[in-house]
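A quick write-up on the structure given underneath.
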There are 2 protein chains.
Amino acid sequence: VRQTVGDLGERALIERIRARVPSPPDWVLVGIGDDAAVLEPAPNTLDVQTTDALIEGIHFDRAYVSAFDVGHKALAVNLSDLAAMGAMPRAALLSLGLPASWPVADFDDLLGGLLTLAAQYRVALVGGNIARSPGPLVVNVTAVGSVKPRRVLCRGGARPGDDLYVTGSVGAAVAGFASCRARAGRQAASGSSGTGGGPGTGAEGESPAMARSEERFRRPDPRVRFGVLLGRNRAASACVDLSDGLADAVRQVAGASGTGAVVDASLVPVNEGARQWFEGRGEDPLEAALAGGEDYELLFTLSPRRRRLAAAVASLAGDLAVTRIGTITADPRVVLRRDGRDSLLPEGFVHFR
Amino acid sequence: VRQTVGDLGERALIERIRARVPSPPDWVLVGIGDDAAVLEPAPNTLDVQTTDALIEGIHFDRAYVSAFDVGHKALAVNLSDLAAMGAMPRAALLSLGLPASWPVADFDDLLGGLLTLAAQYRVALVGGNIARSPGPLVVNVTAVGSVKPRRVLCRGGARPGDDLYVTGSVGAAVAGFASCRARAGRQAASGSSGTGGGPGTGAEGESPAMARSEERFRRPDPRVRFGVLLGRNRAASACVDLSDGLADAVRQVAGASGTGAVVDASLVPVNEGARQWFEGRGEDPLEAALAGGEDYELLFTLSPRRRRLAAAVASLAGDLAVTRIGTITADPRVVLRRDGRDSLLPEGFVHFR
């Protein structure tokens with residue numbers, strides 16, 4: 001039987017690539033494996049580069065996400081990668097694979113979602129490509145940003161004893177996704193309009209917390225300002241975004257830093273909508289929130305000697321909550337401490353399988 | 001009836017985007033509409049950025065193109081865009097949408113094709129993304145290059161009286177494509193191995209010229225060195241690559257420069273394999289070569305006062321032929337002069353329809 005890429009999964013495939021790529025030249029400061037690549041085209045000038053695709057049927061379903069949302073999200077996930085490196089976004093390239101039957105009105109909406117977010121963060125759309133797709137809609141964005149030397153936030157810099165922090169709350173996207181999908185299912189069953197679930201269609205009887213979770217799923221707000229401030233401050237020893245969930249992010253930082261970590265379950269800021277959604281279904285909100293992807297919050301580590309800086313960073317964050325959730329350890333295990341008992345932190349969300 | 005993106009086509013969609021993008025900041029030297037974008041992240045430092053996707057069933061068919069070829073071509077088309085700006089390629093990002101059932105052996109071959117070409121031009125693969133595709137294989141590459149200020153080659157700099165030049169020969173890819181497809185059809189009809197057409201399967205009785213045309217279709221050789229030398233030399237007033245064919249490239253330069261052009265049919269260097277292929281089928285090789293896309297040669301313009309530079313550039317080109325094919329005119333028509341008669345140059349190849 002021939003092995004397929006589905007057998008291996010994303011991480012193993014990335015490792016396969018990394019193993020074959022020759023050692024990069026001096027001017028590649030960060031290569032394959034972090035949130036984004038960092039290049040030094042000229043002395044004291046760093047370019048940060050990232051690329052990411054959203055594919056219909058895998059990353060989004062038009063039954064409960066509007067074209068505007070898709071455009072927003074395609075840029076947001078890339079800005080989140082730049083933020084996780086401490087980089088200020090500067091420009092974006094858009095590569096579209098479009099089914100020929102796609103309505104021009106949807107094309108315009110997708111562009112509207114992307115350009116609205118671009119304007120918010122002063123990102124210039126400078127180029128791209130348009131091709132036909134015989135299958136799903138494919139939206140690939142490349143984002144370019146700047147960061148000063150020694151302000152780059154990598155995932156491999158955590159040290160035993162460092163504190164683990166997360167921005168915002170976790171689990172909003174996985175609960176918002178479940179809620180949107182359930183509503184689309186109900187609408188399909190009752191025969192109402194198939195394109196429901198767009199912004200503003202708000203389900204009847206839905207709680208405000210749940211509506212906010214849906215909004216975070218549909219239109220994630222990348223933590224651009226916070227990531228840049230964290231880098232400028234030189235406070236953090238490591239940083240990643242939560243694209244694949246909190247559990248995965250902690251594993252990424254620990255793995256890249258050659259450490260372990262302990263996450264204190266009682267400290268994890270589970271999103272209120274997620275708490276309502278999962279408790280209402282007899283499921284454990286914490287487990288769902290730890291494994292749920294697409295939150296696009298930032299996880300970072302701080303030396304306890306820098307706690308004063310942490311307070312400064314938190315005040316810079318404005319309305320954004322910043323919560324200490326655990327500690328980096330010399331012991332290489334990645335542990336969840338809950339009600340006094342330790343267990344291995346569950347595996348994160350894996351897009352590819 | 002709702003208008004679809006297929007009704008509009010690629011160029012109209014790009015115009016639709018351009019019309020909505022706010023005027024770019026100062027540091028965007030070249031934005032939407034050229035082969036690549038040129039950014040100035042710091043004084044005297046220019047970044048050139050381009051992104052391009054190959055989509056299975058649109059840009060390639062696995063029946064006659066190997067996974068290695070796809071990897072090669074996905075990088076080559078982007079290096080060609082950088083070359084057309086006079087930029088030295090530096091780094092690449094790879095974003096893959098993979099059907100889960102895709103064999104890992106093919107994944108490795110695709111990577112082999114990309115990395116072999118990357119090594120040839122010292123391009124560092126610095127990052128990317130892997131996602132699952134529920135439909136076709138999608139390979140999106142972003143390439144980053146460098147160019148010195150005032151060495152950038154744009155498409156809009158041609159002036160009436162400038163000479164038009166093209167590198168290499170034209171029509172190789174369209175003939176190579178037709179030949180590969182015909183062989184795949186014969187093999188399917190005779191029931192032989194479905195994955196024929198990979199490199200080295202060379203059809204029996206095929207002429208050496210035709211074999212070279214197939215090779216140029218499968219593994220185009222981007223004119224990286226020539227583009228960089230042309231930029232350094234400051235010889236050319238405008239430059240584009242022939243991704244969508246010679247006729248389209250001439251129209252692009254004339255349109256962006258606010259000029260017309262006359263192409264002398266007797267001077268166009270029609271590829272020898274293309275001549276054999278189309279003459280053998282009673283078709284006009286020149287027309288096929290003018291409209292045929294994917295040659296990835298460079299079209300550029302030179303002031304006649306710089307003819308001495310042109311000779312210098314030609315000698316720098318080494319084995320690569322450089323041929324004068326016509327003139328830029330003040331009259332805005334884009335004309336083909338053949339046997340003493342003028343007609344409008346045919347429309348180029350359009351990927352999207």
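Starting from 1 in every chain, residues are counted up; chains themselves are A, B, ... following the order of the structure tokens, and ligands are numbered from 1 as listed.
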
Contacts of Gly9 in chain B at 12 Å or less, counting only C-alpha atoms, minus same-chain residues fewer than 2 places along, as number ranges by chain? A: 98-102, 104, 130-132; B: 3-7, 11-16, 349-353

What's the 8 Å shell around Gly97 in chain B, counting only C-alpha atoms, without same-chain residues fewer than 3 positions away, as a PyMOL selection string? (chain A and resi 53+55) or (chain B and resi 130-133+136-139)

Atomic distance CA of Ile32 in chain A - CA of Pro43 in chain B, expressed in Å with one decimal: 27.9 Å

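Of the listed residues B:Phe278, B:Trp27, B:Phe300, B:Tyr121, the one whose atoms come nearest to Ala76 in chain B is B:Tyr121, with distances taken using only C-alpha atoms.
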
Range 244-247 of chain A environment, 10 Å, only C-alpha atoms, sequence neighbours closer than 3 positions dropped, as number ranges by chain: A: 166, 170-171, 173-174, 240-241, 250-252, 263, 268, 287-299, 334-336, 345-351

Restricted to C-alpha atoms, what would the selected residues look like written as a PDB file, in the first residue's frame?
```pdb
ATOM      1  CA  VAL A 166      -2.193  34.048  26.900  1.00  0.00           C
ATOM      2  CA  VAL A 170      -9.666  30.554  24.420  1.00  0.00           C
ATOM      3  CA  GLY A 171     -12.322  28.346  22.846  1.00  0.00           C
ATOM      4  CA  ALA A 173     -13.703  29.978  17.705  1.00  0.00           C
ATOM      5  CA  VAL A 174     -14.468  26.297  18.254  1.00  0.00           C
ATOM      6  CA  VAL A 240       3.314  31.945  19.062  1.00  0.00           C
ATOM      7  CA  ASP A 241      -0.241  32.443  17.920  1.00  0.00           C
ATOM      8  CA  VAL A 250       2.135  25.288  24.452  1.00  0.00           C
ATOM      9  CA  ARG A 251       3.596  22.154  22.854  1.00  0.00           C
ATOM     10  CA  GLN A 252       5.151  24.244  20.069  1.00  0.00           C
ATOM     11  CA  VAL A 263      -0.622  24.651  32.504  1.00  0.00           C
ATOM     12  CA  VAL A 268      -7.066  29.171  31.668  1.00  0.00           C
ATOM     13  CA  GLU A 287     -10.983  20.377  27.073  1.00  0.00           C
ATOM     14  CA  ALA A 288     -12.798  21.826  24.076  1.00  0.00           C
ATOM     15  CA  ALA A 289     -11.069  25.190  24.537  1.00  0.00           C
ATOM     16  CA  LEU A 290      -7.589  23.644  24.882  1.00  0.00           C
ATOM     17  CA  ALA A 291      -7.982  21.604  21.692  1.00  0.00           C
ATOM     18  CA  GLY A 292      -9.990  24.122  19.663  1.00  0.00           C
ATOM     19  CA  GLY A 293      -8.123  25.893  16.856  1.00  0.00           C
ATOM     20  CA  GLU A 294      -8.456  29.279  15.190  1.00  0.00           C
ATOM     21  CA  ASP A 295      -8.564  31.509  18.266  1.00  0.00           C
ATOM     22  CA  TYR A 296      -5.667  33.655  16.931  1.00  0.00           C
ATOM     23  CA  GLU A 297      -4.724  34.819  20.406  1.00  0.00           C
ATOM     24  CA  LEU A 298      -1.036  35.006  21.393  1.00  0.00           C
ATOM     25  CA  LEU A 299       0.749  32.694  23.822  1.00  0.00           C
ATOM     26  CA  VAL A 334       3.803  19.185  28.850  1.00  0.00           C
ATOM     27  CA  VAL A 335       1.355  18.859  31.689  1.00  0.00           C
ATOM     28  CA  LEU A 336      -2.159  20.024  32.566  1.00  0.00           C
ATOM     29  CA  LEU A 345      -1.863  18.165  27.956  1.00  0.00           C
ATOM     30  CA  PRO A 346      -4.157  16.884  25.173  1.00  0.00           C
ATOM     31  CA  GLU A 347      -3.025  17.091  21.561  1.00  0.00           C
ATOM     32  CA  GLY A 348      -4.035  20.251  19.741  1.00  0.00           C
ATOM     33  CA  PHE A 349      -6.205  20.694  16.726  1.00  0.00           C
ATOM     34  CA  VAL A 350      -4.642  19.309  13.525  1.00  0.00           C
ATOM     35  CA  HIS A 351      -5.907  20.977  10.344  1.00  0.00           C
TER      36      HIS A 351
END
```

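Our summary of the geometry notes that CA of Ala36 in chain A is positioned 22.6 Å from CA of Gly112 in chain B.
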
Per DSSP on the backbone, filter range 42-181 of chain B down to the residues in alpha helix (DSSP H) and report them as a short mmCIF file (atom, residue, chain, number, x, y, z; two decimals) with N, CA and C atoms, in the first residue's frame.
```cif
data_model
loop_
_atom_site.label_atom_id
_atom_site.label_comp_id
_atom_site.auth_asym_id
_atom_site.auth_seq_id
_atom_site.Cartn_x
_atom_site.Cartn_y
_atom_site.Cartn_z
N ALA B 67 5.14 15.09 -10.87
CA ALA B 67 5.14 15.90 -9.65
C ALA B 67 6.41 16.75 -9.57
N PHE B 68 7.52 16.18 -10.03
CA PHE B 68 8.79 16.93 -10.05
C PHE B 68 8.65 18.17 -10.92
N ASP B 69 8.04 17.99 -12.11
CA ASP B 69 7.81 19.12 -13.02
C ASP B 69 6.95 20.21 -12.35
N VAL B 70 5.90 19.78 -11.63
CA VAL B 70 5.01 20.75 -10.99
C VAL B 70 5.79 21.58 -9.96
N GLY B 71 6.64 20.91 -9.19
CA GLY B 71 7.44 21.63 -8.20
C GLY B 71 8.39 22.61 -8.86
N HIS B 72 9.03 22.15 -9.94
CA HIS B 72 9.93 23.03 -10.71
C HIS B 72 9.18 24.26 -11.22
N LYS B 73 8.04 23.99 -11.87
CA LYS B 73 7.33 25.06 -12.55
C LYS B 73 6.74 26.07 -11.56
N ALA B 74 6.27 25.59 -10.42
CA ALA B 74 5.66 26.49 -9.43
C ALA B 74 6.68 27.54 -8.97
N LEU B 75 7.94 27.14 -8.83
CA LEU B 75 8.97 28.12 -8.47
C LEU B 75 9.40 28.92 -9.71
N ALA B 76 9.52 28.23 -10.85
CA ALA B 76 10.02 28.89 -12.08
C ALA B 76 9.16 30.08 -12.49
N VAL B 77 7.84 29.94 -12.40
CA VAL B 77 6.97 31.03 -12.86
C VAL B 77 7.15 32.27 -11.98
N ASN B 78 7.44 32.05 -10.70
CA ASN B 78 7.67 33.18 -9.80
C ASN B 78 9.06 33.79 -10.02
N LEU B 79 10.07 32.95 -10.27
CA LEU B 79 11.41 33.48 -10.56
C LEU B 79 11.38 34.28 -11.86
N SER B 80 10.54 33.84 -12.80
CA SER B 80 10.40 34.57 -14.06
C SER B 80 9.82 35.96 -13.81
N ASP B 81 8.84 36.06 -12.91
CA ASP B 81 8.29 37.38 -12.57
C ASP B 81 9.35 38.28 -11.94
N LEU B 82 10.17 37.72 -11.06
CA LEU B 82 11.24 38.52 -10.46
C LEU B 82 12.24 38.95 -11.54
N ALA B 83 12.60 38.03 -12.43
CA ALA B 83 13.56 38.34 -13.50
C ALA B 83 13.04 39.49 -14.35
N ALA B 84 11.74 39.48 -14.60
CA ALA B 84 11.14 40.53 -15.43
C ALA B 84 11.18 41.90 -14.75
N VAL B 104 2.80 10.07 -0.81
CA VAL B 104 3.95 10.77 -0.23
C VAL B 104 5.11 10.79 -1.22
N ALA B 105 5.22 9.74 -2.03
CA ALA B 105 6.30 9.71 -3.03
C ALA B 105 6.17 10.89 -4.00
N ASP B 106 4.95 11.25 -4.35
CA ASP B 106 4.73 12.40 -5.24
C ASP B 106 5.03 13.71 -4.51
N PHE B 107 4.67 13.76 -3.24
CA PHE B 107 5.00 14.93 -2.42
C PHE B 107 6.52 15.14 -2.44
N ASP B 108 7.25 14.06 -2.25
CA ASP B 108 8.72 14.16 -2.24
C ASP B 108 9.24 14.61 -3.60
N ASP B 109 8.63 14.10 -4.67
CA ASP B 109 9.06 14.49 -6.02
C ASP B 109 8.79 15.96 -6.29
N LEU B 110 7.62 16.43 -5.89
CA LEU B 110 7.29 17.84 -6.07
C LEU B 110 8.33 18.71 -5.37
N LEU B 111 8.62 18.34 -4.15
CA LEU B 111 9.62 19.07 -3.37
C LEU B 111 10.98 19.01 -4.05
N GLY B 112 11.30 17.84 -4.60
CA GLY B 112 12.57 17.68 -5.31
C GLY B 112 12.68 18.63 -6.49
N GLY B 113 11.60 18.77 -7.25
CA GLY B 113 11.62 19.68 -8.39
C GLY B 113 11.81 21.11 -7.96
N LEU B 114 11.13 21.50 -6.89
CA LEU B 114 11.24 22.87 -6.41
C LEU B 114 12.64 23.14 -5.84
N LEU B 115 13.14 22.20 -5.04
CA LEU B 115 14.43 22.44 -4.37
C LEU B 115 15.60 22.38 -5.34
N THR B 116 15.47 21.58 -6.39
CA THR B 116 16.55 21.51 -7.38
C THR B 116 16.68 22.85 -8.09
N LEU B 117 15.56 23.42 -8.49
CA LEU B 117 15.60 24.74 -9.13
C LEU B 117 16.06 25.81 -8.13
N ALA B 118 15.58 25.69 -6.89
CA ALA B 118 15.97 26.66 -5.85
C ALA B 118 17.49 26.64 -5.65
N ALA B 119 18.08 25.45 -5.66
CA ALA B 119 19.53 25.35 -5.46
C ALA B 119 20.27 25.98 -6.63
N GLN B 120 19.71 25.80 -7.84
CA GLN B 120 20.36 26.34 -9.05
C GLN B 120 20.49 27.86 -8.96
N ALA B 172 7.45 27.50 -27.82
CA ALA B 172 7.93 26.19 -27.36
C ALA B 172 6.91 25.54 -26.42
N ALA B 173 6.39 26.32 -25.48
CA ALA B 173 5.52 25.74 -24.45
C ALA B 173 4.19 25.27 -25.03
N VAL B 174 3.60 26.06 -25.91
CA VAL B 174 2.29 25.67 -26.45
C VAL B 174 2.43 24.42 -27.32
N ALA B 175 3.55 24.31 -28.06
CA ALA B 175 3.78 23.11 -28.86
C ALA B 175 4.12 21.92 -27.97
N GLY B 176 4.95 22.16 -26.95
CA GLY B 176 5.32 21.09 -26.02
C GLY B 176 4.09 20.55 -25.29
N PHE B 177 3.22 21.46 -24.90
CA PHE B 177 1.97 21.08 -24.23
C PHE B 177 1.12 20.20 -25.14
N ALA B 178 0.95 20.65 -26.41
CA ALA B 178 0.13 19.90 -27.36
C ALA B 178 0.71 18.51 -27.59
N SER B 179 2.04 18.44 -27.68
CA SER B 179 2.69 17.16 -27.94
C SER B 179 2.56 16.21 -26.74
N CYS B 180 2.76 16.75 -25.52
CA CYS B 180 2.61 15.93 -24.31
C CYS B 180 1.18 15.42 -24.18
N ARG B 181 0.23 16.30 -24.46
CA ARG B 181 -1.17 15.91 -24.33
C ARG B 181 -1.54 14.84 -25.35
#
```

Taking 5 positions as the minimum chain separation for residues in the same chain, which residues sit within 12 Å of Asp26 in chain B when counting only C-alpha atoms? Answer as a PyMOL selection string. (chain A and resi 90+124) or (chain B and resi 31+38-43)

Using all heavy atoms, can you write the selected residues to a file as a tab-separated table (two decimals), in the first residue's frame?
```
chain	number	residue	atom	x	y	z
A	90	ARG	N	2.95	45.26	6.83
A	90	ARG	CA	3.24	46.34	5.91
A	90	ARG	C	2.47	46.14	4.60
A	90	ARG	O	1.85	47.05	4.09
A	90	ARG	CB	4.74	46.32	5.63
A	90	ARG	CG	5.35	47.63	5.33
A	90	ARG	CD	6.85	47.51	5.36
A	90	ARG	NE	7.35	46.62	4.33
A	90	ARG	CZ	8.37	45.78	4.47
A	90	ARG	NH1	9.03	45.71	5.59
A	90	ARG	NH2	8.74	45.00	3.49
A	124	ALA	N	-0.89	47.48	2.90
A	124	ALA	CA	-1.08	47.78	1.48
A	124	ALA	C	-1.19	46.47	0.70
A	124	ALA	O	-0.31	45.61	0.80
A	124	ALA	CB	0.09	48.61	0.96
B	31	GLY	N	3.08	48.79	-7.40
B	31	GLY	CA	2.00	48.04	-6.77
B	31	GLY	C	1.34	47.08	-7.74
B	31	GLY	O	1.99	46.49	-8.60
B	38	VAL	N	7.17	46.11	-5.87
B	38	VAL	CA	8.47	46.58	-5.38
B	38	VAL	C	8.22	47.46	-4.16
B	38	VAL	O	7.51	48.47	-4.25
B	38	VAL	CB	9.23	47.37	-6.46
B	38	VAL	CG1	10.60	47.80	-5.93
B	38	VAL	CG2	9.39	46.53	-7.73
B	39	LEU	N	8.80	47.08	-3.04
B	39	LEU	CA	8.63	47.78	-1.78
B	39	LEU	C	9.98	48.31	-1.32
B	39	LEU	O	11.02	47.73	-1.65
B	39	LEU	CB	8.08	46.83	-0.71
B	39	LEU	CG	6.94	45.90	-1.12
B	39	LEU	CD1	6.52	45.01	0.04
B	39	LEU	CD2	5.76	46.72	-1.61
B	40	GLU	N	9.97	49.40	-0.57
B	40	GLU	CA	11.21	49.97	-0.04
B	40	GLU	C	11.14	49.97	1.48
B	40	GLU	O	10.73	50.96	2.08
B	40	GLU	CB	11.38	51.40	-0.57
B	40	GLU	CG	12.73	52.00	-0.21
B	40	GLU	CD	12.97	53.35	-0.91
B	40	GLU	OE1	12.01	54.01	-1.32
B	40	GLU	OE2	14.15	53.72	-1.02
B	41	PRO	N	11.51	48.86	2.10
B	41	PRO	CA	11.35	48.77	3.56
B	41	PRO	C	12.28	49.74	4.29
B	41	PRO	O	11.97	50.18	5.39
B	41	PRO	CB	11.70	47.32	3.88
B	41	PRO	CG	12.49	46.83	2.72
B	41	PRO	CD	12.06	47.62	1.53
B	42	ALA	N	13.42	50.06	3.70
B	42	ALA	CA	14.37	50.99	4.31
B	42	ALA	C	15.05	51.73	3.16
B	42	ALA	O	15.05	51.24	2.03
B	42	ALA	CB	15.39	50.22	5.13
B	43	PRO	N	15.64	52.90	3.41
B	43	PRO	CA	16.27	53.65	2.32
B	43	PRO	C	17.27	52.78	1.57
B	43	PRO	O	18.06	52.06	2.19
B	43	PRO	CB	16.96	54.81	3.05
B	43	PRO	CG	16.20	54.98	4.32
B	43	PRO	CD	15.73	53.61	4.70
```

Give me the residues near Gly260 in chain B as an mmCIF file with N, CA, C and O atoms, in the first residue's frame, where near means some atom within 6 Å (using only C-alpha atoms) and where sequence neighbours in that chain fewer than 4 positions away do not count.
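See result-v6.cif below for the written result:
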```cif
data_model
loop_
_atom_site.group_PDB
_atom_site.id
_atom_site.type_symbol
_atom_site.label_atom_id
_atom_site.label_comp_id
_atom_site.auth_asym_id
_atom_site.auth_seq_id
_atom_site.Cartn_x
_atom_site.Cartn_y
_atom_site.Cartn_z
ATOM 1 N N ALA B 254 2.874 48.058 -24.184
ATOM 2 C CA ALA B 254 2.322 49.216 -24.890
ATOM 3 C C ALA B 254 1.244 49.889 -24.035
ATOM 4 O O ALA B 254 1.241 51.118 -23.872
ATOM 5 N N ILE B 328 8.492 50.264 -30.758
ATOM 6 C CA ILE B 328 7.431 50.958 -30.015
ATOM 7 C C ILE B 328 7.038 52.207 -30.817
ATOM 8 O O ILE B 328 7.901 52.902 -31.348
ATOM 9 N N THR B 329 5.710 52.451 -30.890
ATOM 10 C CA THR B 329 5.212 53.570 -31.706
ATOM 11 C C THR B 329 4.377 54.541 -30.875
ATOM 12 O O THR B 329 3.823 54.165 -29.837
ATOM 13 N N ALA B 330 4.265 55.769 -31.364
ATOM 14 C CA ALA B 330 3.383 56.756 -30.727
ATOM 15 C C ALA B 330 1.919 56.412 -31.028
ATOM 16 O O ALA B 330 1.039 56.590 -30.171
ATOM 17 N N ASP B 331 1.666 55.932 -32.247
ATOM 18 C CA ASP B 331 0.338 55.428 -32.618
ATOM 19 C C ASP B 331 -0.043 54.306 -31.640
ATOM 20 O O ASP B 331 0.694 53.327 -31.493
ATOM 21 N N PRO B 332 -1.193 54.419 -30.960
ATOM 22 C CA PRO B 332 -1.489 53.463 -29.884
ATOM 23 C C PRO B 332 -1.883 52.060 -30.341
ATOM 24 O O PRO B 332 -2.101 51.190 -29.498
ATOM 25 N N ARG B 333 -1.982 51.833 -31.663
ATOM 26 C CA ARG B 333 -2.346 50.481 -32.088
ATOM 27 C C ARG B 333 -1.188 49.501 -31.885
ATOM 28 O O ARG B 333 -0.015 49.890 -31.937
ATOM 29 N N VAL B 334 -1.535 48.249 -31.654
ATOM 30 C CA VAL B 334 -0.520 47.206 -31.494
ATOM 31 C C VAL B 334 -0.660 46.293 -32.708
ATOM 32 O O VAL B 334 -1.651 45.582 -32.859
#
```

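Shortest separation to chain B among A:Gly86, A:Gly191, A:Pro220, A:Gly127 occurs at residue A:Gly127, atoms counted being only C-alpha atoms.
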
Mind listing the strand (DSSP E) residues of range 264-324 of chain A, per DSSP on the backbone, as a VMD selection string? chain A and resid 264 298 to 302 322 to 324

Resulting file, chosen residues, C-alpha atoms, as a short mmCIF file (atom, residue, chain, number, x, y, z; two decimals), in the first residue's frame:
```
data_model
loop_
_atom_site.label_atom_id
_atom_site.label_comp_id
_atom_site.auth_asym_id
_atom_site.auth_seq_id
_atom_site.Cartn_x
_atom_site.Cartn_y
_atom_site.Cartn_z
CA ASP A 264 -2.85 25.35 35.53
CA LEU A 298 -1.04 35.01 21.39
CA LEU A 299 0.75 32.69 23.82
CA PHE A 300 4.00 34.08 25.24
CA THR A 301 6.53 33.46 27.97
CA LEU A 302 8.14 35.95 30.36
CA VAL A 322 -3.58 39.05 29.47
CA THR A 323 -3.63 36.01 31.75
CA ARG A 324 -0.87 33.96 33.37
#
```

Compile the contact shell of Gln276 in chain B as a PyMOL selection string: residues with an atom at most 12 Å away, counting only C-alpha atoms, same-chain residues fewer than 4 positions apart removed. chain B and resi 171-172+175-176+179+206-211+213+270-272+280-286+288-289
